[in-house]
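Enquirer: Here it is: the structure, laid out below.
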Protein chains: 2
Amino acid sequence: MLSQIAPDEDLVFFRPHEFIARESEQPAGLYHMLEGWACRYRTLSDGRRQITALYLPGDYCEPHWALGRMPSQPIVALTNVRAKRVPCQVPSGALADHQPSFWKSLVDGCERQANWLVTLGRRTALERLSHLLLELFERMRQSGLAYGQQCALPLTQMDIADLTGLTPVHVNRTLQTMRTKGLVELQSKWLRIPDVAALRQAAAISQADAVI
Amino acid sequence: MLSQIAPDEDLVFFRPHEFIARESEQPAGLYHMLEGWACRYRTLSDGRRQITALYLPGDYCEPHWALGRMPSQPIVALTNVRAKRVPCQVPSGALADHQPSFWKSLVDGCERQANWLVTLGRRTALERLSHLLLELFERMRQSGLAYGQQCALPLTQMDIADLTGLTPVHVNRTLQTMRTKGLVELQSKWLRIPDVAALRQAAAISQADAVI
DNA sequence: CGAGAATTTGAATCTCTTCAATCTGCGTGG
DNA sequence: CCACGCAGATTGAAGAGATTCAAATTCTCG
């Protein structure tokens, strides 16, 4: 009984590169991200890697587990991560008030994936990077973690390459093009978007579309 | 009362190219596919198109709608489609026996998308086509619609291009390479896979991985 | 301050795209 | 029954975007 209500009982921490979940291993619970970033990915036998999801503060990692699934792709922390662990089931009982954010997390994740399929399948390098930076800024903003037109972005260019399906070298070159055009300022893990409308145009997103 | 139990009341049909759902328009219901194929897609302003989901017999189109979402991408029939329309909510009451297949459809769709992110982001044309054909064959097989090592595949090369993020021309050339190598036989909307193991290898899928 | 990680730069190469033309299969109508 | 028309499939040649490999530079942190 006591263990059920002790608040720090379910607080967990991860260090960068530490596994939060391994493929086909029952996770210890569902993680409600409080701080830090994590990602889901797959590595092919020859080393090619693709990141398939990014978990930011406020996200559930990973809603599917509550529907009786095991992780089909590993998840690692990208930064220091602080999270609340909750039982691997759809929030109910005392946690029932979490239901809305749980379902939102699940469906948002699905829709983001559908959008990324379009980006990876049909957009150019410049469009992919624009799309990624817009999405991340918007997600940070919605979590109250953006300050004006800037926010933290704790990814290396290699992480960005694995997100966008490009090589690190090409990410670097394209980022420089974008800086030259005044589309973004990105340095030392900090992102600034001087003109959101211009970046949206570069992302080949019609003004009407949602970013996330 | 009567209308609730009349069995053909909820049977609906669509013709090729007919919209099953439009972006941001409340759909008439959830469609449980009985026969035929449909797809979800997005078109960019300059005409580039990416298909983001394929609905085959047995699939729910589209589980998200039951969780209070509107379609974020349009859905059209690719062939003649016969489907059962059910209310836009998680199956309950008299339909409660559909719950397992409903949740499975939802999570399977998510996992397929995650796999496709890897394919679009990191795999070559030959690997993408191999992956697509394997997935489709496996899904048809699980629905009892495969015969030995063959099944129907009612897609044009242009559809395949929009699924794999390639151009129709390149799909054509790559398909010929695959035919030459004896990896597939594909003609007049009919697919035959002489050697599944060989095709899996071509898809850069380790033998342990699931296809879908 | 030193060492490893991350970023930047250059040159050559390759995969895939683009544009254009031709060929094939098939249903319709004369 | 054959001609026509059209969508889909096929082929060729040239070009663009991204990759690869290698090396140099800068950053970050212990």
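Letters A, B, ... mark the chains of the structure tokens in the order given; residue numbers begin at 1 per chain; ligand numbers begin at 1, in order shown.
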Write out as a VMD selection string which residues come within 9 Å of Ile20 (chain A) when counting only C-alpha atoms (C1' of nucleotides), dropping same-chain ones fewer than 3 positions away.

Expert: chain A and resid 14 27 31 38 74 to 77

Enquirer: Using only C-alpha atoms (C1' of nucleotides), what does the table of chain D residues within 8 Å of chain B look like, with each row giving the shortest atom pair and its distance in Å to one decimal, sorted by chain and ascending number, as a Markdown table?

Expert:
```
| residue | atom | partner | partner_atom | distance |
| --- | --- | --- | --- | --- |
| D:DG8 | C1' | B:Thr156 | CA | 7.4 |
| D:DA9 | C1' | B:Asn172 | CA | 7.6 |
| D:DT10 | C1' | B:Asn172 | CA | 7.6 |
```

Enquirer: Mind listing as a ChimeraX atom specification which residues of chain C are within 10 Å of chain A, counting only C-alpha atoms (C1' of nucleotides)?

Expert: /C:6-9

Enquirer: Between B:Cys110, B:Leu153, B:Leu134, B:Ala198, which has the minimum distance to chain A (counting only C-alpha atoms)?

Expert: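 For chain A, the nearest of the candidates is B:Cys110.
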
Enquirer: Do you have, as a tab-separated table, the list of residues of chain B lying at most 10 Å from chain A, each with its nearest atom pair and that distance in Å to one decimal, counting only C-alpha atoms and ordered by chain then number?

Expert:
```
residue	atom	partner	partner_atom	distance
B:Arg40	CA	A:Ala114	CA	9.4
B:Tyr41	CA	A:Val118	CA	8.3
B:Arg42	CA	A:Val118	CA	7.0
B:Thr43	CA	A:Val118	CA	8.7
B:Leu44	CA	A:Ala204	CA	7.3
B:Ser45	CA	A:Ser206	CA	7.4
B:Asp46	CA	A:Ala204	CA	9.0
B:Arg48	CA	A:Arg122	CA	6.6
B:Arg49	CA	A:Arg122	CA	7.1
B:Gln50	CA	A:Val118	CA	5.4
B:Ile51	CA	A:Val118	CA	7.6
B:Thr52	CA	A:Ala114	CA	5.9
B:Ala53	CA	A:Ala114	CA	8.2
B:Pro63	CA	A:Val107	CA	9.7
B:His64	CA	A:Val107	CA	6.7
B:Trp65	CA	A:Val107	CA	9.7
B:Leu67	CA	A:Trp103	CA	7.5
B:Gly68	CA	A:Val107	CA	9.5
B:Arg69	CA	A:Val107	CA	8.1
B:Pro71	CA	A:Glu111	CA	9.7
B:Ser72	CA	A:Glu111	CA	7.7
B:Gln73	CA	A:Ala114	CA	8.8
B:Trp103	CA	A:Leu67	CA	7.5
B:Lys104	CA	A:Leu67	CA	8.7
B:Leu106	CA	A:His64	CA	9.4
B:Val107	CA	A:His64	CA	6.7
B:Asp108	CA	A:Arg69	CA	9.8
B:Gly109	CA	A:Cys110	CA	8.7
B:Cys110	CA	A:Cys110	CA	6.1
B:Glu111	CA	A:Ser72	CA	7.7
B:Gln113	CA	A:Gln113	CA	6.6
B:Ala114	CA	A:Thr52	CA	5.9
B:Asn115	CA	A:Thr52	CA	8.2
B:Trp116	CA	A:Leu117	CA	7.3
B:Leu117	CA	A:Leu117	CA	5.9
B:Val118	CA	A:Gln50	CA	5.4
B:Thr119	CA	A:Gln50	CA	8.7
B:Leu120	CA	A:Gly121	CA	5.5
B:Gly121	CA	A:Gly165	CA	4.2
B:Arg122	CA	A:Gly165	CA	5.8
B:Arg123	CA	A:Arg48	CA	8.6
B:Ala161	CA	A:Gly121	CA	9.7
B:Asp162	CA	A:Gly121	CA	8.2
B:Leu163	CA	A:Gly121	CA	8.1
B:Thr164	CA	A:Gly121	CA	6.8
B:Gly165	CA	A:Gly121	CA	4.2
B:Leu166	CA	A:Gly121	CA	7.5
B:Thr167	CA	A:Arg122	CA	9.9
B:Ala204	CA	A:Leu44	CA	7.3
B:Ile205	CA	A:Leu44	CA	7.7
B:Ser206	CA	A:Ser45	CA	7.4
B:Asp209	CA	A:Ser72	CA	9.3
B:Ala210	CA	A:Ser72	CA	9.2
```

Enquirer: Please dump the current selection as a CSV table (one decimal), in the first residue's frame; keep C-alpha atoms.

Expert:
```csv
chain,number,residue,atom,x,y,z
B,40,ARG,CA,-3.8,6.6,-47.2
B,41,TYR,CA,-1.5,9.2,-48.8
B,42,ARG,CA,-0.3,12.8,-48.9
B,43,THR,CA,0.3,15.0,-51.9
B,44,LEU,CA,2.7,17.9,-51.7
B,45,SER,CA,2.0,21.1,-53.5
B,46,ASP,CA,4.2,20.3,-56.5
B,48,ARG,CA,5.0,14.6,-55.2
B,49,ARG,CA,2.9,11.9,-53.5
B,50,GLN,CA,3.7,9.5,-50.8
B,51,ILE,CA,1.4,6.6,-49.7
B,52,THR,CA,1.6,6.2,-46.0
B,53,ALA,CA,-0.6,3.2,-45.4
B,63,PRO,CA,-8.4,2.8,-35.9
B,64,HIS,CA,-7.4,6.4,-34.9
B,65,TRP,CA,-10.9,7.6,-35.7
B,67,LEU,CA,-10.0,7.6,-30.5
B,68,GLY,CA,-11.5,10.9,-31.5
B,69,ARG,CA,-9.3,11.9,-34.4
B,71,PRO,CA,-8.4,11.9,-40.8
B,72,SER,CA,-5.2,13.8,-41.2
B,73,GLN,CA,-4.6,12.3,-44.7
B,103,TRP,CA,-6.4,-3.1,-31.1
B,104,LYS,CA,-4.3,-5.4,-33.1
B,106,LEU,CA,-4.1,-0.2,-34.5
B,107,VAL,CA,-0.8,-1.3,-33.1
B,108,ASP,CA,0.1,-3.4,-36.2
B,109,GLY,CA,-0.4,-0.2,-38.2
B,110,CYS,CA,2.0,1.7,-35.9
B,111,GLU,CA,4.7,-0.9,-36.1
B,113,GLN,CA,4.9,2.5,-40.1
B,114,ALA,CA,8.0,2.4,-37.8
B,115,ASN,CA,9.4,-0.3,-40.1
B,116,TRP,CA,8.7,1.8,-43.1
B,117,LEU,CA,10.5,4.7,-41.6
B,118,VAL,CA,13.6,2.5,-41.6
B,119,THR,CA,13.0,1.4,-45.2
B,120,LEU,CA,12.4,4.9,-46.6
B,121,GLY,CA,15.2,6.4,-44.6
B,122,ARG,CA,18.0,3.9,-45.0
B,123,ARG,CA,17.3,1.2,-47.6
B,161,ALA,CA,6.7,4.1,-56.6
B,162,ASP,CA,4.5,6.2,-54.3
B,163,LEU,CA,4.8,3.6,-51.6
B,164,THR,CA,8.6,3.2,-51.8
B,165,GLY,CA,9.5,6.8,-52.3
B,166,LEU,CA,11.0,6.1,-55.8
B,167,THR,CA,10.1,7.2,-59.3
B,204,ALA,CA,18.2,-6.4,-45.8
B,205,ILE,CA,16.0,-8.0,-43.2
B,206,SER,CA,17.7,-10.3,-40.8
B,209,ASP,CA,13.1,-9.9,-37.8
B,210,ALA,CA,9.4,-9.9,-38.5
```

Enquirer: List the neighbours of region 19-29 of chain C out to 10 Å using only C-alpha atoms (C1' of nucleotides); skip same-chain residues closer than 6 positions along the sequence, and give me the result as an mmCIF file with N, CA, C and O atoms (P, O5', C5', C4', C3', O3' and C1' of nucleotides), in the first residue's frame.

Expert:
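around-v7.cif written:
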```cif
data_model
loop_
_atom_site.group_PDB
_atom_site.id
_atom_site.type_symbol
_atom_site.label_atom_id
_atom_site.label_comp_id
_atom_site.auth_asym_id
_atom_site.auth_seq_id
_atom_site.Cartn_x
_atom_site.Cartn_y
_atom_site.Cartn_z
ATOM 1 N N SER B 188 0.860 -8.683 -64.488
ATOM 2 C CA SER B 188 -0.599 -8.597 -64.520
ATOM 3 C C SER B 188 -1.212 -8.762 -63.127
ATOM 4 O O SER B 188 -2.067 -9.610 -62.904
ATOM 5 P P DA D 3 -7.227 -3.161 -88.350
ATOM 6 O "O5'" DA D 3 -7.758 -1.755 -87.856
ATOM 7 C "C5'" DA D 3 -8.838 -1.121 -88.550
ATOM 8 C "C4'" DA D 3 -9.225 0.140 -87.798
ATOM 9 C "C3'" DA D 3 -8.042 1.014 -87.394
ATOM 10 O "O3'" DA D 3 -8.416 2.382 -87.515
ATOM 11 C "C1'" DA D 3 -9.157 0.235 -85.449
ATOM 12 P P DC D 4 -7.352 3.551 -87.266
ATOM 13 O "O5'" DC D 4 -7.748 4.093 -85.821
ATOM 14 C "C5'" DC D 4 -9.119 4.399 -85.534
ATOM 15 C "C4'" DC D 4 -9.282 4.569 -84.048
ATOM 16 C "C3'" DC D 4 -8.202 5.448 -83.393
ATOM 17 O "O3'" DC D 4 -8.823 6.623 -82.879
ATOM 18 C "C1'" DC D 4 -8.638 3.477 -82.116
ATOM 19 P P DG D 5 -7.877 7.797 -82.209
ATOM 20 O "O5'" DG D 5 -7.928 7.399 -80.670
ATOM 21 C "C5'" DG D 5 -9.193 7.160 -80.041
ATOM 22 C "C4'" DG D 5 -8.958 6.854 -78.580
ATOM 23 C "C3'" DG D 5 -7.872 7.727 -77.953
ATOM 24 O "O3'" DG D 5 -8.273 8.081 -76.639
ATOM 25 C "C1'" DG D 5 -7.289 5.455 -77.721
ATOM 26 P P DC D 6 -7.515 9.318 -75.885
ATOM 27 O "O5'" DC D 6 -7.255 8.677 -74.466
ATOM 28 C "C5'" DC D 6 -8.098 7.640 -73.964
ATOM 29 C "C4'" DC D 6 -7.293 6.721 -73.078
ATOM 30 C "C3'" DC D 6 -6.115 7.417 -72.385
ATOM 31 O "O3'" DC D 6 -6.113 7.059 -71.016
ATOM 32 C "C1'" DC D 6 -5.396 5.452 -73.410
ATOM 33 P P DA D 7 -5.443 8.027 -69.906
ATOM 34 O "O5'" DA D 7 -5.062 6.978 -68.780
ATOM 35 C "C5'" DA D 7 -5.932 5.885 -68.505
ATOM 36 C "C4'" DA D 7 -5.110 4.637 -68.249
ATOM 37 C "C3'" DA D 7 -3.946 4.874 -67.292
ATOM 38 O "O3'" DA D 7 -3.939 3.846 -66.318
ATOM 39 C "C1'" DA D 7 -3.161 3.913 -69.308
ATOM 40 P P DG D 8 -2.903 3.900 -65.120
ATOM 41 O "O5'" DG D 8 -1.825 2.834 -65.596
ATOM 42 C "C5'" DG D 8 -2.224 1.492 -65.804
ATOM 43 C "C4'" DG D 8 -1.078 0.739 -66.416
ATOM 44 C "C3'" DG D 8 0.215 0.819 -65.616
ATOM 45 O "O3'" DG D 8 0.681 -0.503 -65.429
ATOM 46 C "C1'" DG D 8 0.603 1.377 -67.875
ATOM 47 P P DA D 9 2.026 -0.804 -64.613
ATOM 48 O "O5'" DA D 9 3.077 -1.099 -65.759
ATOM 49 C "C5'" DA D 9 2.784 -2.098 -66.717
ATOM 50 C "C4'" DA D 9 3.872 -2.142 -67.760
ATOM 51 C "C3'" DA D 9 5.305 -2.222 -67.211
ATOM 52 O "O3'" DA D 9 5.956 -3.298 -67.855
ATOM 53 C "C1'" DA D 9 5.115 -0.464 -68.789
ATOM 54 P P DT D 10 7.446 -3.732 -67.450
ATOM 55 O "O5'" DT D 10 8.337 -2.953 -68.507
ATOM 56 C "C5'" DT D 10 8.155 -3.228 -69.894
ATOM 57 C "C4'" DT D 10 9.014 -2.318 -70.731
ATOM 58 C "C3'" DT D 10 10.491 -2.256 -70.345
ATOM 59 O "O3'" DT D 10 11.235 -2.818 -71.409
ATOM 60 C "C1'" DT D 10 9.626 -0.116 -70.896
ATOM 61 P P DT D 11 12.776 -3.175 -71.291
ATOM 62 O "O5'" DT D 11 13.486 -1.877 -71.876
ATOM 63 C "C5'" DT D 11 13.292 -1.536 -73.249
ATOM 64 C "C4'" DT D 11 13.899 -0.185 -73.544
ATOM 65 C "C3'" DT D 11 15.320 0.031 -73.022
ATOM 66 O "O3'" DT D 11 16.189 0.131 -74.146
ATOM 67 C "C1'" DT D 11 13.950 1.939 -72.692
ATOM 68 P P DG D 12 17.744 0.285 -74.031
ATOM 69 O "O5'" DG D 12 17.962 1.871 -74.129
ATOM 70 C "C5'" DG D 12 17.354 2.595 -75.182
ATOM 71 C "C4'" DG D 12 17.782 4.043 -75.111
ATOM 72 C "C3'" DG D 12 19.196 4.267 -74.571
ATOM 73 O "O3'" DG D 12 19.881 5.135 -75.467
ATOM 74 C "C1'" DG D 12 17.632 5.591 -73.359
ATOM 75 P P DA D 13 21.459 5.433 -75.371
ATOM 76 O "O5'" DA D 13 21.436 6.916 -74.796
ATOM 77 C "C5'" DA D 13 20.531 7.874 -75.364
ATOM 78 C "C4'" DA D 13 20.651 9.178 -74.592
ATOM 79 C "C3'" DA D 13 22.056 9.470 -74.068
ATOM 80 O "O3'" DA D 13 22.304 10.854 -74.246
ATOM 81 C "C1'" DA D 13 20.522 9.461 -72.269
ATOM 82 P P DA D 14 23.719 11.510 -73.820
ATOM 83 O "O5'" DA D 14 23.254 12.524 -72.684
ATOM 84 C "C5'" DA D 14 22.092 13.332 -72.915
ATOM 85 C "C4'" DA D 14 21.745 14.070 -71.640
ATOM 86 C "C3'" DA D 14 22.950 14.682 -70.938
ATOM 87 O "O3'" DA D 14 22.600 15.985 -70.524
ATOM 88 C "C1'" DA D 14 21.787 13.261 -69.457
#
```

Enquirer: May I ask which of the residues A:Ala96, A:Ala21, A:Val171, A:Val86 is the closest one to DA18 (chain D), counting only C-alpha atoms (C1' of nucleotides)?

Expert: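 The shortest atom-to-atom distance to DA18 (chain D) comes from A:Val171.
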
Enquirer: Just list the residues in region 51-109 of chain B DSSP gives alpha helix (DSSP H) on the backbone, as a compact mmCIF listing (two decimals) with N, CA and C atoms, in the first residue's frame.

Expert:
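Listing of out05.txt after writing:
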```txt
# COMPACT_ATOMS: atom_id res chain seq x y z
N GLN B 99 -13.01 -6.19 -30.31
CA GLN B 99 -11.95 -5.42 -29.66
C GLN B 99 -10.54 -5.92 -29.95
N PRO B 100 -10.28 -7.22 -29.76
CA PRO B 100 -8.90 -7.67 -30.00
C PRO B 100 -8.41 -7.33 -31.40
N SER B 101 -9.21 -7.60 -32.41
CA SER B 101 -8.75 -7.33 -33.77
C SER B 101 -8.63 -5.83 -34.00
N PHE B 102 -9.45 -5.07 -33.31
CA PHE B 102 -9.35 -3.62 -33.44
C PHE B 102 -8.02 -3.10 -32.89
N TRP B 103 -7.67 -3.50 -31.68
CA TRP B 103 -6.41 -3.06 -31.08
C TRP B 103 -5.22 -3.58 -31.87
N LYS B 104 -5.34 -4.80 -32.33
CA LYS B 104 -4.25 -5.37 -33.12
C LYS B 104 -4.04 -4.54 -34.39
N SER B 105 -5.14 -4.18 -35.03
CA SER B 105 -5.06 -3.39 -36.25
C SER B 105 -4.35 -2.06 -35.97
N LEU B 106 -4.70 -1.46 -34.86
CA LEU B 106 -4.09 -0.17 -34.49
C LEU B 106 -2.59 -0.29 -34.27
N VAL B 107 -2.20 -1.23 -33.43
CA VAL B 107 -0.78 -1.34 -33.09
C VAL B 107 0.02 -1.90 -34.26
N ASP B 108 -0.54 -2.85 -35.00
CA ASP B 108 0.15 -3.35 -36.19
C ASP B 108 0.43 -2.21 -37.15
N GLY B 109 -0.56 -1.37 -37.34
CA GLY B 109 -0.37 -0.23 -38.24
C GLY B 109 0.78 0.65 -37.79
```

Enquirer: List the spatial neighbours of Asp195 (chain A) as a list in words - criterion: any atom at most 10 Å away, only C-alpha atoms (C1' of nucleotides), same-chain residues fewer than 6 positions off excluded.

Expert: Gln149, Gly182, Leu183 and Val184 of chain A
